[in-house]
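Printed here is structure.txt (compact mmCIF, C-alpha atoms):
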# COMPACT_ATOMS: atom_id res chain seq x y z
CA MET J 1 82.24 187.47 249.49
CA PRO J 2 84.31 185.45 251.96
CA SER J 3 82.55 182.79 253.98
CA ASN J 4 82.41 182.99 257.75
CA GLU J 5 82.57 179.20 258.07
CA VAL J 6 85.69 177.79 259.66
CA GLN J 7 87.28 174.97 257.68
CA VAL J 8 88.84 172.28 259.85
CA LEU J 9 91.97 170.86 258.28
CA PRO J 10 93.63 167.60 259.38
CA GLU J 11 96.88 167.85 261.25
CA ALA J 12 100.01 166.61 259.55
CA GLY J 13 100.35 162.86 259.77
CA ARG J 14 96.73 162.29 260.82
CA PRO J 15 93.77 161.05 258.71
CA ASP J 16 91.25 163.60 257.46
CA THR J 17 88.18 163.00 259.64
CA THR J 18 86.21 165.76 257.90
CA LYS J 19 85.46 163.44 254.94
CA PRO J 20 83.43 160.21 254.77
CA LEU J 21 85.27 156.98 255.52
CA GLY J 22 87.25 156.15 252.39
CA LEU J 23 88.43 152.67 251.41
CA ALA J 24 91.01 151.49 248.91
CA GLY J 25 89.68 152.07 245.40
CA GLY J 26 87.77 155.31 245.95
CA LEU J 27 84.30 154.25 247.18
CA ASN J 28 83.41 155.00 250.77
CA LEU J 29 81.59 152.55 253.00
CA GLU J 30 78.12 154.01 252.42
CA GLU J 31 78.57 153.82 248.65
CA ILE J 32 79.70 150.20 248.88
CA LYS J 33 76.66 149.35 251.02
CA SER J 34 74.33 150.99 248.52
CA ILE J 35 75.90 149.25 245.51
CA GLY J 36 76.03 145.85 247.22
CA THR J 37 72.37 146.11 248.26
CA VAL J 38 71.32 146.93 244.69
CA PHE J 39 73.27 143.95 243.34
CA PHE J 40 71.66 141.63 245.89
CA GLN J 41 68.16 142.90 245.17
CA SER J 42 68.69 142.42 241.44
CA GLY J 43 68.83 138.64 241.91
CA MET J 44 71.46 138.34 239.18
CA PHE J 45 74.15 136.88 241.42
CA LYS J 46 72.96 133.62 242.93
CA ASP J 47 75.99 133.06 245.17
CA ALA J 48 75.22 136.29 247.05
CA LYS J 49 72.72 134.95 249.58
CA SER J 50 72.35 138.28 251.39
CA ALA J 51 73.07 141.97 250.95
CA ALA J 52 75.97 141.57 253.39
CA GLN J 53 77.61 138.98 251.13
CA ALA J 54 77.19 141.22 248.08
CA ILE J 55 78.72 144.12 250.02
CA THR J 56 81.62 141.88 251.03
CA LYS J 57 82.25 140.95 247.39
CA VAL J 58 82.28 144.61 246.33
CA MET J 59 84.60 145.51 249.21
CA ALA J 60 86.96 142.61 248.44
CA GLY J 61 87.04 143.69 244.80
CA GLN J 62 87.79 147.30 245.68
CA GLU J 63 90.82 146.26 247.74
CA LEU J 64 92.13 144.54 244.60
CA GLY J 65 91.27 147.50 242.38
CA VAL J 66 88.39 145.66 240.70
CA PRO J 67 85.20 147.58 239.76
CA PRO J 68 81.97 146.51 241.52
CA MET J 69 80.40 144.67 238.55
CA GLN J 70 83.59 142.72 237.86
CA ALA J 71 83.86 141.92 241.55
CA MET J 72 80.33 140.53 241.62
CA ARG J 73 81.07 138.37 238.57
CA GLY J 74 84.60 137.30 239.43
CA ILE J 75 84.50 136.89 243.22
CA HIS J 76 82.46 133.98 244.53
CA VAL J 77 81.38 133.23 248.09
CA VAL J 78 82.24 129.57 248.78
CA ASP J 79 81.63 128.20 252.30
CA GLY J 80 81.54 131.77 253.57
CA ASN J 81 84.90 132.70 251.96
CA PRO J 82 85.29 135.16 249.05
CA GLN J 83 87.33 133.38 246.34
CA LEU J 84 88.46 134.60 242.92
CA SER J 85 87.52 133.06 239.60
CA ALA J 86 90.34 131.88 237.36
CA GLY J 87 89.46 134.59 234.85
CA LEU J 88 89.84 137.34 237.45
CA VAL J 89 93.12 135.88 238.74
CA ALA J 90 94.51 135.80 235.19
CA ALA J 91 93.36 139.38 234.53
CA LEU J 92 94.97 140.69 237.71
CA VAL J 93 98.26 138.94 236.91
CA LYS J 94 98.32 140.35 233.38
CA ARG J 95 97.31 143.81 234.61
CA SER J 96 100.02 143.96 237.25
CA GLY J 97 102.68 144.95 234.69
CA ARG J 98 105.28 143.04 236.68
CA TYR J 99 104.14 139.42 236.45
CA ASP J 100 103.04 137.25 233.57
CA TYR J 101 102.61 133.61 232.57
CA ARG J 102 102.67 131.48 229.44
CA VAL J 103 100.93 128.15 228.85
CA LEU J 104 103.52 125.43 228.27
CA GLU J 105 101.11 122.50 227.97
CA ALA J 106 97.37 122.14 228.32
CA ASN J 107 95.18 119.07 227.85
CA ASP J 108 92.80 116.83 229.78
CA THR J 109 95.71 115.22 231.63
CA LEU J 110 97.74 118.21 232.83
CA VAL J 111 98.22 121.96 232.51
CA SER J 112 101.66 123.51 232.94
CA LEU J 113 102.42 127.25 233.12
CA GLN J 114 105.68 129.21 232.94
CA TRP J 115 105.82 132.26 235.23
CA TYR J 116 107.71 135.52 234.69
CA GLN J 117 108.66 138.45 236.90
CA ASP J 118 109.88 141.63 235.24
CA GLY J 119 110.29 139.64 232.03
CA GLU J 120 112.47 136.95 233.58
CA PRO J 121 111.30 133.35 234.14
CA VAL J 122 110.97 132.54 237.83
CA GLY J 123 109.35 129.10 237.84
CA GLU J 124 106.58 126.80 236.68
CA SER J 125 103.27 125.63 238.09
CA MET J 126 101.41 122.47 237.11
CA PHE J 127 98.26 120.62 238.04
CA THR J 128 97.49 117.11 236.83
CA LEU J 129 94.44 114.92 236.54
CA ALA J 130 96.13 112.45 238.90
CA GLU J 131 96.21 115.17 241.58
CA ALA J 132 92.52 115.90 240.97
CA GLU J 133 91.68 112.23 241.37
CA HIS J 134 93.73 112.00 244.56
CA ALA J 135 91.79 115.02 245.95
CA ASN J 136 88.42 113.44 244.94
CA LEU J 137 87.78 116.22 242.43
CA ALA J 138 87.62 114.28 239.16
CA LYS J 139 84.15 112.85 239.87
CA LYS J 140 82.53 116.29 240.05
CA THR J 141 80.43 117.42 237.09
CA ASN J 142 82.59 120.44 236.18
CA TRP J 143 85.74 118.34 236.27
CA GLN J 144 84.24 115.72 233.99
CA THR J 145 82.79 118.29 231.56
CA TYR J 146 85.54 120.94 231.53
CA THR J 147 88.60 118.99 232.61
CA GLU J 148 91.22 121.14 230.92
CA ASP J 149 89.70 124.41 232.20
CA MET J 150 89.56 123.10 235.75
CA LEU J 151 93.19 121.94 235.56
CA PHE J 152 94.17 125.38 234.24
CA ALA J 153 92.40 127.13 237.13
CA ARG J 154 94.29 125.06 239.71
CA ALA J 155 97.63 125.48 237.95
CA LEU J 156 97.00 129.23 237.71
CA THR J 157 96.15 129.80 241.37
CA ARG J 158 99.02 127.54 242.44
CA GLY J 159 101.45 129.71 240.45
CA ALA J 160 99.84 132.94 241.70
CA ARG J 161 100.38 131.83 245.31
CA ARG J 162 103.99 130.96 244.63
CA TYR J 163 105.20 133.75 242.37
CA CYS J 164 103.01 136.85 242.76
CA PRO J 165 101.10 136.82 246.08
CA ASP J 166 101.59 140.59 246.42
CA VAL J 167 99.10 141.13 243.56
CA PHE J 168 96.34 139.61 245.72
CA GLY J 169 97.45 140.77 249.16
CA GLY J 170 98.28 137.19 250.19
CA ALA J 171 97.20 133.70 249.17
CA VAL J 172 94.71 133.32 246.34
CA TYR J 173 92.37 130.39 245.75
CA ALA J 174 89.96 129.37 243.02
CA PRO J 175 86.32 128.65 243.99
CA GLY J 176 86.11 125.44 245.99
CA GLU J 177 89.88 125.22 246.39
CA ALA J 178 90.08 126.58 249.92
CA ALA J 179 88.05 125.44 252.91
CA PRO J 180 88.68 125.87 256.65
CA ASP J 181 90.67 123.02 258.16
CA ALA J 182 89.30 121.21 261.19
CA GLU J 183 92.08 122.57 263.41
CA ASP J 184 91.16 126.15 262.43
CA LEU J 185 87.57 125.79 263.66
CA PRO J 186 86.70 126.76 267.25
CA GLN J 187 86.73 123.76 269.56
CA PRO J 188 84.39 123.28 272.55
CA PHE J 189 86.00 123.60 275.97
CA ILE J 190 86.32 120.23 277.71
CA GLN J 191 87.98 119.92 281.11
CA GLN J 192 89.53 116.49 281.56
CA THR J 193 90.12 114.71 284.85
CA PRO J 194 93.36 112.74 285.36
CA GLN J 195 91.37 109.61 284.48
CA GLY J 196 90.09 111.15 281.25
CA GLY J 197 86.46 111.67 282.33
CA TYR J 198 84.44 114.77 281.53
CA VAL J 199 83.98 117.48 284.15
CA PRO J 200 81.66 120.45 283.45
CA PRO J 201 83.39 123.85 283.60
CA ARG J 202 83.41 125.31 287.13
CA VAL J 203 81.20 128.27 287.97
CA ALA J 204 83.14 131.21 289.33
CA GLN J 205 82.37 131.98 292.98
CA LEU J 206 83.13 134.93 295.23
CA HIS J 207 83.67 134.54 298.99
CA ASP J 208 82.54 130.91 298.90
CA GLU J 209 79.02 131.86 297.85
CA PRO J 210 76.89 128.94 296.63
CA VAL J 211 76.68 128.64 292.86
CA GLU J 212 73.65 129.97 291.03
CA GLU J 213 72.32 126.48 290.35
CA SER J 214 72.17 125.72 294.08
CA ARG J 215 70.41 128.99 294.84
CA SER J 216 67.88 128.29 292.11
CA ALA J 217 67.23 124.81 293.45
CA SER J 218 66.77 126.13 296.99
CA SER J 219 64.38 128.83 295.78
CA ALA J 220 62.34 126.25 293.92
CA LEU J 221 62.10 124.05 297.00
CA GLU J 222 61.08 126.96 299.22
CA GLY J 223 58.37 127.97 296.75
CA ALA J 224 57.05 124.43 296.58
CA ALA J 225 56.95 124.23 300.38
CA HIS J 226 54.89 127.43 300.67
CA THR J 227 52.40 126.42 297.98
CA SER J 228 51.86 122.88 299.25
CA ASP J 229 48.99 121.89 301.52
CA ALA J 230 51.42 120.05 303.77
CA PRO J 231 52.61 121.77 306.98
CA ALA J 232 55.54 124.11 306.60
CA SER J 233 57.72 121.86 308.76
CA GLU J 234 57.39 118.99 306.26
CA PRO J 235 58.66 119.61 302.70
CA PRO J 236 56.55 118.12 299.92
CA SER J 237 57.33 114.52 299.11
CA GLY J 238 60.07 114.04 296.54
CA THR J 239 61.44 117.60 296.83
CA SER J 240 63.29 117.57 300.15
CA LEU J 241 67.05 117.37 299.91
CA PHE J 242 67.17 115.90 303.44
CA PRO J 243 64.09 113.69 304.24
CA PRO J 244 62.99 113.67 307.95
CA SER J 245 64.09 110.79 310.15
CA ASP J 246 61.66 108.22 311.60
CA GLU J 247 61.79 109.97 315.02
CA GLU J 248 60.89 113.31 313.44
CA LEU J 249 57.96 111.75 311.57
CA GLU J 250 56.64 110.15 314.79
CA ALA J 251 56.91 113.44 316.67
CA LEU J 252 55.15 115.26 313.82
CA GLU J 253 52.33 112.71 313.74
CA ALA J 254 51.88 112.95 317.52
CA ASP J 255 51.77 116.73 317.29
CA GLN J 256 49.06 116.60 314.63
CA HIS J 257 46.82 114.41 316.87
CA ARG J 258 47.49 116.42 320.04
CA ASP J 259 44.46 118.04 321.70
CA PRO J 260 45.05 121.80 321.51
CA THR J 261 43.46 122.24 324.96
CA ASP J 262 46.05 120.08 326.67
CA GLU J 263 48.67 122.84 326.77
CA ASP J 264 46.12 125.36 328.05
CA VAL J 265 45.28 123.02 330.89
CA ARG J 266 48.95 122.68 331.80
Please express what this file holds, its structure, as structure tokens.
Amino acid sequence: MPSNEVQVLPEAGRPDTTKPLGLAGGLNLEEIKSIGTVFFQSGMFKDAKSAAQAITKVMAGQELGVPPMQAMRGIHVVDGNPQLSAGLVAALVKRSGRYDYRVLEANDTLVSLQWYQDGEPVGESMFTLAEAEHANLAKKTNWQTYTEDMLFARALTRGARRYCPDVFGGAVYAPGEAAPDAEDLPQPFIQQTPQGGYVPPRVAQLHDEPVEESRSASSALEGAAHTSDAPASEPPSGTSLFPPSDEELEALEADQHRDPTDEDVR
């Protein structure tokens, strides 16, 4: 029996909005959220400090065609940046079918790799202990304990950046290799005078209206004047922006001692 429901089909050249949001790799956003939350709640992945970070790792892995569990194991969050382990980088290079590498030399002093594209050599990548020492890496525990493995990881990611960046959708870094540079961080706005002194940013005004700070100060002064025991004509001491002159004080004092019947007599 035919259904009376009308099926809405996407127009040619337009995405199908009748289905859940799909991402590269097959999982939709809701599925990724569910999987990432489960991984975070399991407590098995210490670098995932929140469900959002676990979800980010799964999503980053899916864009590279990596299953969720492998993404959680092979993608690490370092200083807020998802970075690939050397093992995952090597697996993706080998899996690509177009790129490959061979180890030319590997020891505690240097690691050198030969890179191939479509079976043809295209270049070499190397990382040495001298470079690690220059970058203040050699004193770290992992570098002292697993020197050759750490040199291999740096040589591998260096070659991946140079010879097969399309496998990773851009630059690829091993954990701890990439960190935001100072010039990439947002800088506070500082307005300099010609003499180099600091000037606070101006407050936008319309039709020469006083700035909000001035209005707030005036309101505070008016409130203090109304709540003080002093006469309304004399602002409380220490709050007046324009203190009364000596003549005004003398006139005020004379008015306070004036006999109220004098004016009635006149």
### Residue neighbourhood Leu104 of chain J, 7 Å, all atoms listed in the file, exclusion window fewer than 5 positions, as a PyMOL selection string
chain J and resi 112-114
### Summary
Expressed in Å, the length from atom CA of Ser50 of chain J to atom CA of Asp79 of chain J is 13.7 Å
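Closest approach to Val93 of chain J among J:Thr145, J:Thr157, J:Ser42, J:Gln62 is made by J:Thr157 (distances from all atoms listed in the file).
Going from atom CA of Thr109 of chain J to atom CA of Ala86 of chain J covers 18.4 Å.
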Step by step: start from the point (77.7, 143.1, 248.8) in the file's coordinates, keep every protein, DNA or RNA residue that has an atom no farther than 12 Å from it, count all atoms listed in the file, and write the set as a PDB file with C-alpha atoms, in the frame of the given file.
ATOM      1  CA  LEU J  29      81.590 152.550 253.000  1.00  0.00           C
ATOM      2  CA  GLU J  30      78.120 154.010 252.420  1.00  0.00           C
ATOM      3  CA  GLU J  31      78.570 153.820 248.650  1.00  0.00           C
ATOM      4  CA  ILE J  32      79.700 150.200 248.880  1.00  0.00           C
ATOM      5  CA  LYS J  33      76.660 149.350 251.020  1.00  0.00           C
ATOM      6  CA  SER J  34      74.330 150.990 248.520  1.00  0.00           C
ATOM      7  CA  ILE J  35      75.900 149.250 245.510  1.00  0.00           C
ATOM      8  CA  GLY J  36      76.030 145.850 247.220  1.00  0.00           C
ATOM      9  CA  THR J  37      72.370 146.110 248.260  1.00  0.00           C
ATOM     10  CA  VAL J  38      71.320 146.930 244.690  1.00  0.00           C
ATOM     11  CA  PHE J  39      73.270 143.950 243.340  1.00  0.00           C
ATOM     12  CA  PHE J  40      71.660 141.630 245.890  1.00  0.00           C
ATOM     13  CA  GLN J  41      68.160 142.900 245.170  1.00  0.00           C
ATOM     14  CA  SER J  42      68.690 142.420 241.440  1.00  0.00           C
ATOM     15  CA  PHE J  45      74.150 136.880 241.420  1.00  0.00           C
ATOM     16  CA  ASP J  47      75.990 133.060 245.170  1.00  0.00           C
ATOM     17  CA  ALA J  48      75.220 136.290 247.050  1.00  0.00           C
ATOM     18  CA  LYS J  49      72.720 134.950 249.580  1.00  0.00           C
ATOM     19  CA  SER J  50      72.350 138.280 251.390  1.00  0.00           C
ATOM     20  CA  ALA J  51      73.070 141.970 250.950  1.00  0.00           C
ATOM     21  CA  ALA J  52      75.970 141.570 253.390  1.00  0.00           C
ATOM     22  CA  GLN J  53      77.610 138.980 251.130  1.00  0.00           C
ATOM     23  CA  ALA J  54      77.190 141.220 248.080  1.00  0.00           C
ATOM     24  CA  ILE J  55      78.720 144.120 250.020  1.00  0.00           C
ATOM     25  CA  THR J  56      81.620 141.880 251.030  1.00  0.00           C
ATOM     26  CA  LYS J  57      82.250 140.950 247.390  1.00  0.00           C
ATOM     27  CA  VAL J  58      82.280 144.610 246.330  1.00  0.00           C
ATOM     28  CA  MET J  59      84.600 145.510 249.210  1.00  0.00           C
ATOM     29  CA  ALA J  60      86.960 142.610 248.440  1.00  0.00           C
ATOM     30  CA  GLY J  61      87.040 143.690 244.800  1.00  0.00           C
ATOM     31  CA  GLN J  62      87.790 147.300 245.680  1.00  0.00           C
ATOM     32  CA  PRO J  68      81.970 146.510 241.520  1.00  0.00           C
ATOM     33  CA  MET J  69      80.400 144.670 238.550  1.00  0.00           C
ATOM     34  CA  ALA J  71      83.860 141.920 241.550  1.00  0.00           C
ATOM     35  CA  MET J  72      80.330 140.530 241.620  1.00  0.00           C
ATOM     36  CA  ARG J  73      81.070 138.370 238.570  1.00  0.00           C
ATOM     37  CA  ILE J  75      84.500 136.890 243.220  1.00  0.00           C
ATOM     38  CA  HIS J  76      82.460 133.980 244.530  1.00  0.00           C
ATOM     39  CA  VAL J  77      81.380 133.230 248.090  1.00  0.00           C
ATOM     40  CA  PRO J  82      85.290 135.160 249.050  1.00  0.00           C
TER      41      PRO J  82
END
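If you look at atom CA of Lys140 of chain J and atom CA of Met126 of chain J, they are 20.1 Å away from each other.
When only C-alpha atoms are used to measure the gap to Glu105 of chain J, the shortest distance among J:Asp118, J:Ala155, J:Val78, J:Thr141 belongs to J:Ala155.
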